[in-house]
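What follows is a short report on a single structure.
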Amino acid sequence: MTAATGTTSRPRTPLRAYGASVLLGAAATLSGVALTATSGWLVVRASERPVVLTLLTAVVGVRAFGISRPLLRWAERVRSHDVALGDLARAREDVARRLVPLTPARLGRRHRAEVAGAVVDDLTDLTEAPVRAGVPLAAAAVTVLATAGLTALVSPTVALVHVALAAALAGVTLLAVRLEADGQARLEQARAEVLRVGELVALRRRDLLAVGAGTDARRWLDEAQAHWSAAVRRQARGRALAQGAAVALLGGATAAAALVVARLDVAAPVAALLVLTPVALSDALTPLADAARSLARARAARRRLDVLLDQPPAVVERPAHDTVTSPVPHLRLEAAGARWRPTEPTAAGADALDLDPVDLDLPPGSRTLVTGPNGGGKSTLLALLARQLDPATGRLLVDGTDARDLPLADLRSRVAVVDDEPWVLATSLRENLRIARPRPEPLDGPDLDARLVRGLREAGLGPWYDDLPAGLDTRLGTGDRALSGGERTRLGLARALVSERGVLLLDEPVAHLDAGTAAQVMGDVAAAAGRRTLVVVSHDDLPAGVVDRTVRVGPSEDGTR
Ligand SMILES: Nc1ncnc2c1ncn2[C@@H]1O[C@H](COP(=O)(O)OP(=O)(O)OP(=O)(O)O)[C@@H](O)[C@H]1O
């Protein structure tokens with residue numbers, strides 16, 4: 001119901017998909033109400049020692065309601081989770097599709113894994129809201145109305161007590177949502193402040209001590225921690241207030257029902273039934289606190305997703321005039337400079353560039369090492385070549401045509417990027433490699449497997465692969481076969497090699513490896529690259545023969561540009 005679509009994370013599954021769950025939930029709660037009421041009637045009636053046969057219907061009723069309540073609850077859970085999980089799967093797919101044009105330019109300096117983790121959590125909060133809040137609240141409303149309707153047949157006044165109870169509880173729920181949203185916002189702010197101050201003090205402790213600011217640093221930490229504790233206490237107070245108010249209202253409603261019933265001319269068992277009904281309704285009303293929490297979380301999650309997904313992509317496609325036909329295109333940067341953010345005026349009023357204009361010719365099969373100081377723009381240069389960014393000055397030519405006049409997919413499908421954030425999917429080794437090969441796949445099963453294994457060997461993972469218990473079927477990732485930093489990098493290289501793309505852009509590919517292994521892996525990768533174009537970003541020299549020239553970007557050692 002709350003999947004992200006269109007320009008914002010709008011609801012996707014209509015509420016009526018949850019209709020069956022609401023009815024099942026209401027039926028389960030009504031069974032609970034009937035169980036309590038019938039039991040009350042039975043106990044009081046039995047105390048009058050009637051003929052046992054007159055109790056039989058109530059006994060059967062108690063059993064039937066006792067059995068139907070959990071069964072109906074189970075059915076409600078299965079049904080609502082079924083809808084929500086389907087919705088979550090669609091929402092994840094949709095958001096992943098929308099994140100592609102925003103990656104990496106619109107993710108800021110955050111790691112992709114961090115963004116993906118936060119997005120997954122937010123989508124979960126968003127799609128859980130109907131299950132944790134929508135269904136229980138709607139089911140509670142149906143239950144209260146149905147109970148009030150039935151009670152009205154015996155005593156309209158007690159029915160009014162039920163309706164008043166429901167209205168008051170709706171108000172308490174709204175208040176709880178506000179308190180919870182406020183509490184969560186304060187808590188997030190306080191936590192961010194603790195992290196910020198903690199990181200600053202940890203990273204700069206020597207400098208702080210050197211200028212005699214050790215005591216100040218401790219005070220900053222204490223203050224941040226005190227704000228956090230205050231936010232936690234405030235949130236707990238808000239929750240306790242809402243829960244306490246709900247319990248007080250239930251107690252008040254029971255007392256009110258008892259007062260009304262005392263003046264009614266009804267048999268004792270019926271009186272017990274009427275007085276106990278508000279107590280029985282508490283079953284329908286206990287999920288309200290959880291519902292408030294879930295609604296507040298979903299609201300915050302929606303806000304964050306909207307901010308992320310509503311950004312304009314860094315590369316906007318315009319109508320293409322040409323196509324890329326060569327498998328290994330000739331790339332050329334002409335005075336190409338780049339900027340990650342659309343405009344970032346400097347103090348001087350000019351727009352700062354993240355990569356100063358460079359000329360770079362990359363004929364098919366060329367081998368280039370890109371070096372330069374940290375922050376000089378090496379990764380930015382690769383982003384230009386992969387068209388993750390368009391040049392802010394100059395242009396990128398692909399086989400002589402301005403890249404902006406070509407379909408984006410044409411260039412991207414010929415370029416493989418291995419960046420400095422190697423990732424592993426929690427699935428089989430085969431699927432981790434196959435993701436690099438778009439379908440339809442020209443190779444069939446055994447041939448494809450052989451190609452994938454060759455890619456692993458070319459990336460220096462041969463001995464590692466030979467030790468795996470289940471070969472390509474070995475599951476990787478958390479809880480299964482864990483990979484070291486170096487193995488992850490080599491898996492990324494293997495992916496690039498099996499992709500068969502004509503241009504390989506490698507960003508610090510061997511930064512995680514020791515010098516000997518790094519030299520060997522780079523030699524193997526260069527050999528496997530064959531006639532493909534290779535561009536390697538590295539701070540270190542590469543073994544002889546891997547590259548045929550070196551290009552430096554960023555300020556020179558004396559600081560000039
Ligand atoms: N995804 C991004 N979003 C916003 N700014 C970015 C992004 N990537 C890089 N930058 C900025 O662009 C500038 C150049 O960074 P870049 O990563 O290209 O340098 P680099 O030479 O590869 O550095 P390093 O050797 O540290 O990896 C820096 O100011 C950096 O903050």
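Note on naming: chains are A, B, ... as they come in the structure tokens, residues start from 1 per chain, ligands start from 1 in the order shown.
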All residues having an atom within 7 Å of ligand 1 (only C-alpha atoms and all ligand atoms) as a CSV table (one decimal) with N, CA and C atoms, in the first residue's frame:
chain,number,residue,atom,x,y,z
A,104,PRO,N,26.2,7.2,-9.1
A,104,PRO,CA,26.6,7.6,-7.7
A,104,PRO,C,26.4,9.1,-7.4
A,105,ALA,N,26.0,9.8,-8.5
A,105,ALA,CA,26.2,11.3,-8.3
A,105,ALA,C,25.2,11.9,-7.3
A,106,ARG,N,24.1,11.3,-7.1
A,106,ARG,CA,23.1,11.9,-6.1
A,106,ARG,C,23.1,11.2,-4.8
A,107,LEU,N,24.0,10.4,-4.5
A,107,LEU,CA,24.1,9.7,-3.2
A,107,LEU,C,25.1,10.4,-2.3
A,108,GLY,N,25.7,11.5,-2.8
A,108,GLY,CA,26.6,12.2,-2.0
A,108,GLY,C,27.9,11.4,-1.7
A,109,ARG,N,28.5,11.6,-0.6
A,109,ARG,CA,29.7,10.8,-0.3
A,109,ARG,C,29.4,9.6,0.5
A,340,TRP,N,30.2,17.4,-9.5
A,340,TRP,CA,29.2,16.4,-9.0
A,340,TRP,C,27.9,17.1,-8.8
A,341,ARG,N,27.9,18.2,-8.1
A,341,ARG,CA,26.7,19.0,-7.8
A,341,ARG,C,26.4,20.0,-8.9
A,354,ASP,N,35.1,19.6,-9.8
A,354,ASP,CA,35.7,18.5,-9.0
A,354,ASP,C,36.8,17.8,-9.9
A,355,LEU,N,36.7,18.0,-11.2
A,355,LEU,CA,37.8,17.6,-12.1
A,355,LEU,C,38.1,18.7,-13.0
A,372,GLY,N,47.4,10.5,-9.3
A,372,GLY,CA,47.2,11.9,-8.9
A,372,GLY,C,46.9,11.9,-7.4
A,373,PRO,N,46.9,13.1,-6.8
A,373,PRO,CA,46.7,13.2,-5.3
A,373,PRO,C,45.2,12.8,-4.9
A,374,ASN,N,45.0,12.6,-3.6
A,374,ASN,CA,43.7,12.3,-3.1
A,374,ASN,C,42.7,13.5,-3.4
A,375,GLY,N,41.6,13.2,-3.9
A,375,GLY,CA,40.6,14.3,-4.2
A,375,GLY,C,40.9,15.0,-5.5
A,376,GLY,N,41.9,14.5,-6.3
A,376,GLY,CA,42.3,15.2,-7.5
A,376,GLY,C,41.3,15.0,-8.6
A,377,GLY,N,40.4,14.0,-8.5
A,377,GLY,CA,39.4,13.8,-9.6
A,377,GLY,C,39.6,12.5,-10.4
A,378,LYS,N,40.4,11.6,-9.9
A,378,LYS,CA,40.6,10.3,-10.6
A,378,LYS,C,39.3,9.5,-10.8
A,379,SER,N,38.6,9.4,-9.7
A,379,SER,CA,37.3,8.6,-9.8
A,379,SER,C,36.3,9.4,-10.6
A,380,THR,N,36.4,10.7,-10.5
A,380,THR,CA,35.5,11.6,-11.3
A,380,THR,C,35.7,11.4,-12.8
A,381,LEU,N,37.0,11.2,-13.1
A,381,LEU,CA,37.3,11.0,-14.5
A,381,LEU,C,36.7,9.7,-15.0
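Residues in contact range of Ala113 in chain A, defined as at most 10 Å between only C-alpha atoms, with sequence neighbours fewer than 6 positions away removed, read Val119, Glu421, Pro422 and Trp423 of chain A.
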Based on the selection just made, write C-alpha atoms of those residues as a PDB file, in the first residue's frame.
ATOM      1  CA  VAL A 119      16.474   2.500   1.753  1.00  0.00           C
ATOM      2  CA  GLU A 421      33.469  -0.378  -3.031  1.00  0.00           C
ATOM      3  CA  PRO A 422      33.441  -4.052  -4.027  1.00  0.00           C
ATOM      4  CA  TRP A 423      30.144  -5.706  -3.163  1.00  0.00           C
TER       5      TRP A 423
END
- Task: Measure the distance from CA of Gly61 in chain A to CA of Ala159 in chain A in Å and round it to one decimal.
- Result: 22.3 Å
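Going from CA of Arg97 in chain A to CA of Ala116 in chain A covers 12.4 Å.
With only C-alpha atoms as the atoms that count, the minimum distance from Arg501 in chain A to the choices A:Ala526, A:Leu534, A:Leu389, A:Leu396 is reached by A:Leu534.
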Taking 4 positions as the minimum chain separation for residues in the same chain, which residues sit within 9 Å of Leu493 in chain A when counting only C-alpha atoms? Answer as an mmCIF file with C-alpha atoms, in the first residue's frame.
data_model
loop_
_atom_site.group_PDB
_atom_site.id
_atom_site.type_symbol
_atom_site.label_atom_id
_atom_site.label_comp_id
_atom_site.auth_asym_id
_atom_site.auth_seq_id
_atom_site.Cartn_x
_atom_site.Cartn_y
_atom_site.Cartn_z
ATOM 1 C CA VAL A 417 33.361 -0.299 -13.827
ATOM 2 C CA VAL A 418 35.097 -1.855 -10.834
ATOM 3 C CA GLY A 455 36.753 -15.162 -15.158
ATOM 4 C CA LEU A 456 37.515 -16.205 -11.566
ATOM 5 C CA GLU A 458 41.729 -14.561 -14.661
ATOM 6 C CA ALA A 459 41.048 -12.391 -11.625
ATOM 7 C CA ARG A 488 35.762 -9.085 -2.871
ATOM 8 C CA THR A 489 37.899 -6.889 -5.098
ATOM 9 C CA LEU A 497 36.008 -9.801 -17.144
ATOM 10 C CA VAL A 498 33.032 -12.130 -17.640
ATOM 11 C CA LEU A 506 39.214 -0.088 -12.623
ATOM 12 C CA PRO A 509 41.430 -2.403 -7.993
ATOM 13 C CA VAL A 525 43.828 -9.006 -15.454
#
- Query: Where does DSSP see helix (DSSP H, G or I) in range 277-518 of chain A, if you list the residues as a PyMOL selection string?
  - Reply: chain A and resi 277-285+287-309+378-385+403-405+408-412+429-434+445-458+462-466+471-473+485-498+515-518
- Note on the structure: Using only C-alpha atoms, the best pick from A:Gly523, A:Pro312, A:Gly244, A:Pro357 as closest to Glu334 in chain A would be A:Pro357
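Using only C-alpha atoms, the nearest neighbour of Arg430 in chain A within the list A:Val453, A:Val33, A:Leu221, A:Ala409 is A:Val453.
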- Using only C-alpha atoms, determine which residues lie at most 9 Å from Arg299 in chain A, disregarding the query and same-chain residues fewer than 3 positions distant; provide the list as a list in words. Asp125, Leu126, Ala181, Ser294, Leu295, Ala296, Arg302, Arg303 and Arg304 of chain A
- Message: Set the distance at 9 Å and use only C-alpha atoms: which residues neighbour Ala140 in chain A once local chain neighbours fewer than 5 positions away are removed? I'd like the list as a ChimeraX atom specification.
- Response: /A:22,25-26,29,135,145,166,281,283-285,288
- Quick one: everything within 9 Å of Gly238 in chain A, counting only C-alpha atoms, minus sequence neighbours fewer than 5 positions away in the same chain. Send it as a count of residues only. 6
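Rounded to one decimal, CA of Ala416 in chain A and CA of Leu362 in chain A lie 14.9 Å from each other.
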- Distance query Thr173 in chain A at most 10 Å, only C-alpha atoms, self and fewer than 3 positions along chain excluded, as a PyMOL selection string: chain A and resi 137+167-170+176-179+242-243+245-246+285+288-293
